[in-house]
Number of protein chains: 2
Amino acid sequence: MTKDNHRQQFPALANKAYFNYGGQGPLPEPALDAIYQGFKGVQLGGPFSAQVLTWMVQEAMLTRGAIASELTVPPETIALTEDVTVGCNIALWGIEWKAGDHLLISDCEHPGVVASVMELQRRFNIEVSICPLAATLNEGDPVAVIADNLRPNTRLLVISHILWNTGQVLPLAEIVKVCHEPPLTPPCQGGGQEDLSLNQGDRQEDLSLNQGDRQEDLSLNQGGGQEELPAKNYKVRVLVDAAQSVGVLPLNLIESGVDFYAFTGHKWWCGPEGLGGLYVSAEALADLHPVFIGWRGIAAGTNGKLFGWKPGSQRYEIATSAYPLYAGLRSAIALQHEWGTIEERYAEICRLSKYLWERLSELPDVECLRTSAPEAGLVSFRLMNKMPHKELVALWEKQGIMVRTIPSLDCVRACVHYFTTEAEIDKLVGAIANQLV
Amino acid sequence: MTKDNHRQQFPALANKAYFNYGGQGPLPEPALDAIYQGFKGVQLGGPFSAQVLTWMVQEAMLTRGAIASELTVPPETIALTEDVTVGCNIALWGIEWKAGDHLLISDCEHPGVVASVMELQRRFNIEVSICPLAATLNEGDPVAVIADNLRPNTRLLVISHILWNTGQVLPLAEIVKVCHEPPLTPPCQGGGQEDLSLNQGDRQEDLSLNQGDRQEDLSLNQGGGQEELPAKNYKVRVLVDAAQSVGVLPLNLIESGVDFYAFTGHKWWCGPEGLGGLYVSAEALADLHPVFIGWRGIAAGTNGKLFGWKPGSQRYEIATSAYPLYAGLRSAIALQHEWGTIEERYAEICRLSKYLWERLSELPDVECLRTSAPEAGLVSFRLMNKMPHKELVALWEKQGIMVRTIPSLDCVRACVHYFTTEAEIDKLVGAIANQLV
């Protein structure tokens with residue numbers, strides 16, 4: 001299939017040069033048709049009936065299956081969610097935080113996820129620290145930086161697989177390895193540290209409950225009782241915001257060892273807005289509690305009595321969703337397979353982002369954040385000494401060229417997908433060059 | 001407009017006798033068209049662009065406005081959610097529970113909400129008790145039952161406005177009044193009780209953290225420290241599951257005084273599945289913390305730094321949704337206004353449910369759960385000494401008659417909307433009578 005023929009399946013691409021795949025991908029025509037037919041089918045057979053319920057269960061199963069196949073995981077590890085942020089929140093709030101636990105988050109996470117972490121800190125009195133990964137874009141080792149920032153009381157690391165602001169691809173398997181391996185300190189010393197930090201945690205919580213009047217009691221306890229504390233598993237869990245990686249590069253989550261991988265269908269997969277998911281590894285599932293709970297997550301007996309959670313990650317699904325979107329996402333994923341394998345598509349993304357990066361690098365007064373070719377489809381750059389990026393982006397949108405600003409880094413971000421054309425890139429580069437004249 | 005003309009707007013009604021409005025309402029054709037056009041418009045103008053972002057913000061604003069107008073509340077009190085269950089969870093988890101707090105829930109709540117309450121109990125070590133409202137369907141006073149079950153440490157009452165299993169309409173304003181009024185015990189005595197229960201709560205949490213070894217310390221503390229406990233507001237908040245009431249009867253939530261009112265668009269409003277909302281009163285907002293947090297709930301500065309929550313209930317919205325559904329819901333609500341005012345529609349619902357109830361009551365071996373005419377559109381009944389209800393419902397679905405079972409009460413539930421016809425009801429009653437021959 002030629003790229004031009006392929007592009008004709010995406011109505012959004014007809015009237016513009018599009019570089020906002022990291023925001024939202026264009027919905028293919030067959031995907032929209034599938035959504036429309038889904039809504040009609042629900043009305044024909046229901047809307048509320050055994051027939052539609054059967055269809056709904058089947059649609060959810062097929063969609064978890066299609067997603068699982070892309071992530072190389074079993075279908076039962078997938079929960080369908082409204083979006084990537086809900087997936088992150090399920091993991092963040094599902095951990096049974098104790099005061100004094102430590103959460104490590106990178107300095108390149110999306111504001112919504114950062115805000116949720118800040119609220120966890122306030123609510124459960126946990127320690128939060130920020131891991132400086134932005135500075136490793138061109139030199140330095142993100143794995144070493146993360147390892148240096150882990151603490152004996154760290155329970156969760158929050159990172160993105162591909163950083164949404166700079167496009168850096170983090171080495172997921174290596175990061176998970178340093179988080180999951182036992183502490184480097186000898187067992188007895190490590191154990192001592194852990195007990196200490198656990199004690200500190202308990203004390204903080206007690207303090208907040210008791211306004212100071214029991215501090216003495218605690219210090220009386222400090223010496224003797226350590227061996228009575230419950231044994232705890234200090235393996236650091238890893239939550240990955242996969243908003244920019246799913247649909248971009250080959251994934252094998254089992255091999256990576258990651259615990260939680262939250263994603264959306266509406267960016268690089270080009271599915272409809274309002275449908276994403278969360279992968280929870282079989283091991284991590286055991287101690288991740290459902291938080292927002294509804295009928296989809298629970299298993300009920302025939303007399304309507306509750307008897308527990310659904311097996312697998314389905315327990316994190318909540319309640320009624322726009323089920324007709326499910327076929328839309330599957331249709332979008334299938335269309336991408338028609339063009340090529342994920343390896344072929346990723347190679348084409350990298351070829352095109354390199355072309356964009358090279359052309360930008362040739363321009364005077366344009367600074368690409370990366371000093372070498374990108375590892376994925378995101379290319380971030382700054383125009384020096386010109387009008388504010390926000391105004392430039394608005395101007396280009398009027399010309400049918402769509403890029404976005406990243407306010408926190410004061411830069412512009414342009415994304416290329418495998419079906420981006422050189423002509424589109426040339427148009428963008430030309431528009432940028434015009435601003436530099 | 002005649003009812004027949006009106007019904008032609010609902011494709012689902014063409015090929016069946018439909019009585020599952022409490023499960024899902026039929027989507028009107030113009031609503032589906034609006035959804036389809038919404039998806040197309042996003043592609044034409046974006047999908048990710050300033051133009052589409054503006055449209056999205058506008059769509060959300062219009063939708064909160066349309067909903068707010070139906071509930072007689074200001075638009076800023078409305079959060080848009082994926083469904084009613086998410087709305088309930090926002091309120092349930094957003095309260096800063098302390099061990100020993102008490103939550104009172106009726107015995108007629110939906111299993112998903114019950115499961116969430118059970119998990120709150122486990123996680124935060126709160127007291128949960130169940131309030132027997134089912135028994136007040138035909139006699140007795142639900143307000144008195146609730147008042148009797150409140151405790152000095154009750155922080156939240158969870159009820160439905162219209163009970164999904166029996167169709168009983170609860171007197172919302174009176175219930176809120178008993179929950180919001182100060183305790184009847186004299187202040188000094190009441191205060192003492194509260195401190196005691198707070199102390200008990202703290203102790204439970206300490207015990208679970210410390211495995212018993214600090215019990216003595218606590219008993220040492222029990223006498224002296226009460227006056228040092230922080231002052232607490234013991235007004236009982238009221239969370240209402242409005243799945244069966246929104247779109248059925250006239251609402252004035254400000255007058256009712258209710259704190260949290262969670263609803264969905266896809267049942268009695270006949271909007272698309274996957275869109276609902278939560279009303280949070282201006283007063284209750286002050287101490288209801290966002291839990292699942294994303295970019296839609298936070299206000300960010302121009303440099304991308306966080307600076308707080310969105311004003312009003314928008315802070316409880318999470319992230320990307322299927323925005324094209326918004327116009328679909330507004331279209332569905334507008335269509336209902338074309339037929340009549342909410343007072344007229346409610347009167348028609350009651351007229352038709354009375355007709356159904358009367359015809360069922362005439363049948364031998366049919367027992368309606370209510371001994372007088374229904375107060376809304378839900379009619380629950382049992383067929384005595386016949387094949388199991390589940391099999392009957394499956395049989396009727398094959399005949400194009402759609403009702404459902406309520407397993408926990410071993411009954412069948414048939415719902416009538418204002419556009420139900422007597423002919424449909426006669427068809428259902430005929431099918432039931434056939435089973436009794």
# chains A, B, ... in the order shown; residues from 1 in each chain; ligands from 1
$ residues_around --residues "Glu358 in chain A" --least-positions-apart "3" --cutoff "10 Å" --atoms "only C-alpha atoms" --output "ChimeraX atom specification"
/A:352-355,361-363,368,372-374
$ residues_around --residues "Gln24 in chain B" --least-positions-apart "2" --cutoff "6 Å" --atoms "only C-alpha atoms" --output "PyMOL selection string"
(chain A and resi 48) or (chain B and resi 21-22+266-267)
$ residues_around --residues "Phe292 in chain B" --least-positions-apart "2" --cutoff "12 Å" --atoms "only C-alpha atoms" --output "NGL selection string"
(:A and (82-94 or 112-120 or 291-292)) or (:B and (81 or 86-87 or 89-94 or 289-290 or 294-298 or 315-319))
$ write_last_selection --atoms "C-alpha atoms" --output "PDB file, in the first residue's frame"
ATOM      1  CA  GLU A  82     -11.336   6.235  29.810  1.00  0.00           C
ATOM      2  CA  ASP A  83      -7.817   7.550  29.252  1.00  0.00           C
ATOM      3  CA  VAL A  84      -4.157   7.201  30.217  1.00  0.00           C
ATOM      4  CA  THR A  85      -4.575   9.461  33.256  1.00  0.00           C
ATOM      5  CA  VAL A  86      -7.229   7.226  34.793  1.00  0.00           C
ATOM      6  CA  GLY A  87      -4.819   4.332  34.305  1.00  0.00           C
ATOM      7  CA  CYS A  88      -2.078   6.207  36.162  1.00  0.00           C
ATOM      8  CA  ASN A  89      -4.493   7.080  38.961  1.00  0.00           C
ATOM      9  CA  ILE A  90      -5.604   3.474  39.388  1.00  0.00           C
ATOM     10  CA  ALA A  91      -1.987   2.519  40.098  1.00  0.00           C
ATOM     11  CA  LEU A  92      -1.165   5.614  42.172  1.00  0.00           C
ATOM     12  CA  TRP A  93      -4.148   5.338  44.512  1.00  0.00           C
ATOM     13  CA  GLY A  94      -4.355   1.544  44.552  1.00  0.00           C
ATOM     14  CA  GLY A 112      -2.061  15.799  35.723  1.00  0.00           C
ATOM     15  CA  VAL A 113       0.006  12.913  37.043  1.00  0.00           C
ATOM     16  CA  VAL A 114       2.202  15.291  39.059  1.00  0.00           C
ATOM     17  CA  ALA A 115      -0.902  16.802  40.644  1.00  0.00           C
ATOM     18  CA  SER A 116      -2.188  13.378  41.627  1.00  0.00           C
ATOM     19  CA  VAL A 117       1.169  12.555  43.244  1.00  0.00           C
ATOM     20  CA  MET A 118       1.094  15.854  45.149  1.00  0.00           C
ATOM     21  CA  GLU A 119      -2.345  15.003  46.484  1.00  0.00           C
ATOM     22  CA  LEU A 120      -1.137  11.525  47.555  1.00  0.00           C
ATOM     23  CA  VAL A 291     -10.102   2.348  44.250  1.00  0.00           C
ATOM     24  CA  PHE A 292     -12.903   3.699  42.052  1.00  0.00           C
TER      25      PHE A 292
ATOM     26  CA  THR B  81     -17.968  11.966  34.511  1.00  0.00           C
ATOM     27  CA  VAL B  86     -17.565   7.337  38.895  1.00  0.00           C
ATOM     28  CA  GLY B  87     -19.579  10.210  40.370  1.00  0.00           C
ATOM     29  CA  ASN B  89     -16.701   7.158  43.816  1.00  0.00           C
ATOM     30  CA  ILE B  90     -15.512  10.769  43.583  1.00  0.00           C
ATOM     31  CA  ALA B  91     -17.638  11.585  46.615  1.00  0.00           C
ATOM     32  CA  LEU B  92     -16.890   8.353  48.510  1.00  0.00           C
ATOM     33  CA  TRP B  93     -13.112   8.569  48.174  1.00  0.00           C
ATOM     34  CA  GLY B  94     -12.833  12.360  48.299  1.00  0.00           C
ATOM     35  CA  HIS B 289     -10.707  16.382  47.810  1.00  0.00           C
ATOM     36  CA  PRO B 290     -10.120  15.296  44.229  1.00  0.00           C
ATOM     37  CA  GLY B 294      -5.779  14.847  35.724  1.00  0.00           C
ATOM     38  CA  TRP B 295      -5.220  17.888  33.579  1.00  0.00           C
ATOM     39  CA  ARG B 296      -8.915  18.756  33.395  1.00  0.00           C
ATOM     40  CA  GLY B 297      -9.140  19.316  37.142  1.00  0.00           C
ATOM     41  CA  ILE B 298      -6.092  21.463  37.650  1.00  0.00           C
ATOM     42  CA  ARG B 315     -11.767  19.934  39.657  1.00  0.00           C
ATOM     43  CA  TYR B 316     -13.183  16.406  39.839  1.00  0.00           C
ATOM     44  CA  GLU B 317     -13.036  15.899  36.072  1.00  0.00           C
ATOM     45  CA  ILE B 318     -10.015  13.826  35.098  1.00  0.00           C
ATOM     46  CA  ALA B 319      -8.722  13.847  31.525  1.00  0.00           C
TER      47      ALA B 319
END
$ closest_residue --among "A:Gly271, A:Pro171, A:Pro324, A:Pro152" --to "Lys235 in chain A" --atoms "only C-alpha atoms"
A:Pro152
$ select_by_dssp --residues "range 218-436 of chain B" --states "strand (DSSP E)" --output "PyMOL selection string"
chain B and resi 237-241+260-264+276-280+298-300+306-309+366-368+378-383+401-402+404-406+411-415
$ residues_around --residues "Lys390 in chain A" --least-positions-apart "6" --cutoff "9 Å" --atoms "only C-alpha atoms" --output "VMD selection string"
chain A and resid 404 to 405 407 412
$ atom_distance --atom1 "CA of Asp426 in chain B" --atom2 "CA of Ile401 in chain B"
11.1 Å
$ residues_around --residues "Ala332 in chain A" --least-positions-apart "5" --cutoff "7 Å" --atoms "only C-alpha atoms" --output "list in words"
Pro28, Ala31, Trp269, Cys270 and Gly271 of chain A
$ atom_distance --atom1 "CA of Ile105 in chain A" --atom2 "CA of Arg123 in chain B"
24.4 Å
$ closest_residue --among "A:Ala423, A:Met387, A:Leu392, A:Ala300" --to "chain B" --atoms "only C-alpha atoms"
A:Ala300
